[in-house]
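Enquirer: What follows is a structure written as structure tokens; I'll ask about it next.
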Amino acid sequence: MILKESIDAGSETFHYCQTRLREATGLLVEAAQDAGLVRQDITGVDVLRLGHGAGMAVRNCTQEDGKRVLGVILDGLRA
């Protein structure tokens, strides 16, 4: 019960982890943009959402399907 409450969307722990993850992903995206590797209109939150969406999309797919979906996402992120 305590673990579930600590990771509920309204908890301090959830908020702390979400904030740190978004900050870290934002820094990685900015570095990739500065290096000319990622489109300038992409944000760290975009990358997190794409990762979540991809994970949900390939839950019951083959490894080849998963690789194809990842390839499409990476192609869309590239500068």
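Chain labels run A, B, ... following the order of the structure tokens; each chain numbers its residues from 1, and ligands are numbered from 1 in the order shown.
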Which residues are near Asp46 in chain A? Cut-off 12 Å, only C-alpha atoms, ignore same chain within fewer than 6 positions. Put them as a short mmCIF file (atom, residue, chain, number, x, y, z; two decimals) with all heavy atoms, in the first residue's frame.

Expert:
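Once everything was written out, this is part-v6.cif:
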```
data_model
loop_
_atom_site.label_atom_id
_atom_site.label_comp_id
_atom_site.auth_asym_id
_atom_site.auth_seq_id
_atom_site.Cartn_x
_atom_site.Cartn_y
_atom_site.Cartn_z
N ARG A 22 12.08 14.46 -16.89
CA ARG A 22 11.85 15.47 -17.92
C ARG A 22 13.06 16.40 -18.07
O ARG A 22 13.43 16.74 -19.19
CB ARG A 22 10.59 16.27 -17.61
CG ARG A 22 9.33 15.48 -17.86
CD ARG A 22 8.08 16.27 -17.56
NE ARG A 22 6.91 15.50 -17.93
CZ ARG A 22 5.69 15.95 -17.86
NH1 ARG A 22 5.44 17.17 -17.42
NH2 ARG A 22 4.68 15.18 -18.22
N THR A 25 15.91 14.35 -19.83
CA THR A 25 15.59 14.13 -21.24
C THR A 25 15.71 15.43 -22.02
O THR A 25 16.22 15.45 -23.14
CB THR A 25 14.19 13.53 -21.40
OG1 THR A 25 14.10 12.36 -20.58
CG2 THR A 25 13.90 13.15 -22.83
N GLY A 26 15.27 16.53 -21.43
CA GLY A 26 15.42 17.84 -22.07
C GLY A 26 16.86 18.18 -22.33
O GLY A 26 17.22 18.68 -23.41
N VAL A 29 18.13 16.05 -25.25
CA VAL A 29 17.60 16.53 -26.53
C VAL A 29 18.32 17.82 -26.94
O VAL A 29 18.70 17.98 -28.10
CB VAL A 29 16.07 16.73 -26.46
CG1 VAL A 29 15.55 17.49 -27.66
CG2 VAL A 29 15.38 15.38 -26.35
N VAL A 38 19.24 16.21 -33.97
CA VAL A 38 17.81 16.13 -33.72
C VAL A 38 17.15 17.43 -34.16
O VAL A 38 17.72 18.51 -34.01
CB VAL A 38 17.54 15.88 -32.21
CG1 VAL A 38 16.06 15.94 -31.88
CG2 VAL A 38 18.10 14.54 -31.77
N ARG A 39 15.95 17.31 -34.69
CA ARG A 39 15.19 18.48 -35.13
C ARG A 39 15.08 19.50 -34.01
O ARG A 39 14.98 19.15 -32.84
CB ARG A 39 13.79 18.05 -35.55
CG ARG A 39 13.74 17.20 -36.77
CD ARG A 39 12.41 16.57 -37.04
NE ARG A 39 11.25 17.36 -36.59
CZ ARG A 39 10.01 17.01 -36.80
NH1 ARG A 39 9.75 15.88 -37.44
NH2 ARG A 39 9.02 17.74 -36.38
N GLN A 40 15.04 20.76 -34.38
CA GLN A 40 14.97 21.84 -33.41
C GLN A 40 13.60 21.98 -32.75
O GLN A 40 13.50 22.58 -31.67
CB GLN A 40 15.36 23.18 -34.07
CG GLN A 40 16.82 23.26 -34.47
CD GLN A 40 17.75 23.18 -33.26
OE1 GLN A 40 17.55 23.85 -32.25
NE2 GLN A 40 18.77 22.34 -33.37
N HIS A 52 6.94 6.16 -24.76
CA HIS A 52 5.78 5.51 -24.14
C HIS A 52 4.86 4.95 -25.21
O HIS A 52 4.40 3.80 -25.12
CB HIS A 52 5.03 6.50 -23.26
CG HIS A 52 3.78 5.93 -22.65
ND1 HIS A 52 3.82 5.03 -21.62
CD2 HIS A 52 2.49 6.12 -22.96
CE1 HIS A 52 2.58 4.69 -21.32
NE2 HIS A 52 1.75 5.34 -22.11
N GLY A 53 4.58 5.75 -26.22
CA GLY A 53 3.70 5.31 -27.30
C GLY A 53 4.26 4.10 -28.03
O GLY A 53 3.52 3.16 -28.35
N ILE A 73 10.30 6.18 -35.68
CA ILE A 73 10.40 7.26 -34.69
C ILE A 73 11.75 7.96 -34.81
O ILE A 73 11.82 9.20 -34.82
CB ILE A 73 10.19 6.71 -33.27
CG1 ILE A 73 8.73 6.30 -33.09
CG2 ILE A 73 10.59 7.74 -32.21
CD1 ILE A 73 8.46 5.54 -31.80
N GLY A 76 11.97 10.22 -37.72
CA GLY A 76 11.19 11.44 -37.51
C GLY A 76 11.86 12.45 -36.60
O GLY A 76 11.59 13.63 -36.66
N LEU A 77 12.76 11.99 -35.74
CA LEU A 77 13.47 12.88 -34.82
C LEU A 77 14.70 13.53 -35.46
O LEU A 77 15.12 14.62 -35.04
CB LEU A 77 13.92 12.12 -33.56
CG LEU A 77 12.83 11.64 -32.63
CD1 LEU A 77 13.41 10.74 -31.56
CD2 LEU A 77 12.10 12.81 -32.00
#
```

Enquirer: Run DSSP on the backbone and tell me which residues of range 7-68 of chain A come out as helix (DSSP H, G or I); list them as an MDAnalysis selection string.

Expert: chainID A and resid 7 12:34 44:57 63:68

Enquirer: Name the closest residue to Leu74 in chain A among the candidates A:Cys61, A:Leu27, A:Val45, A:Leu37; distances are taken between atoms, counting only C-alpha atoms.

Expert: A:Leu37

Enquirer: Out of A:Ala9, A:Ala54, A:Ile42, A:Val69, which residue has the shortest atom-to-atom distance to Glu30 in chain A when counting only C-alpha atoms?

Expert: A:Ile42
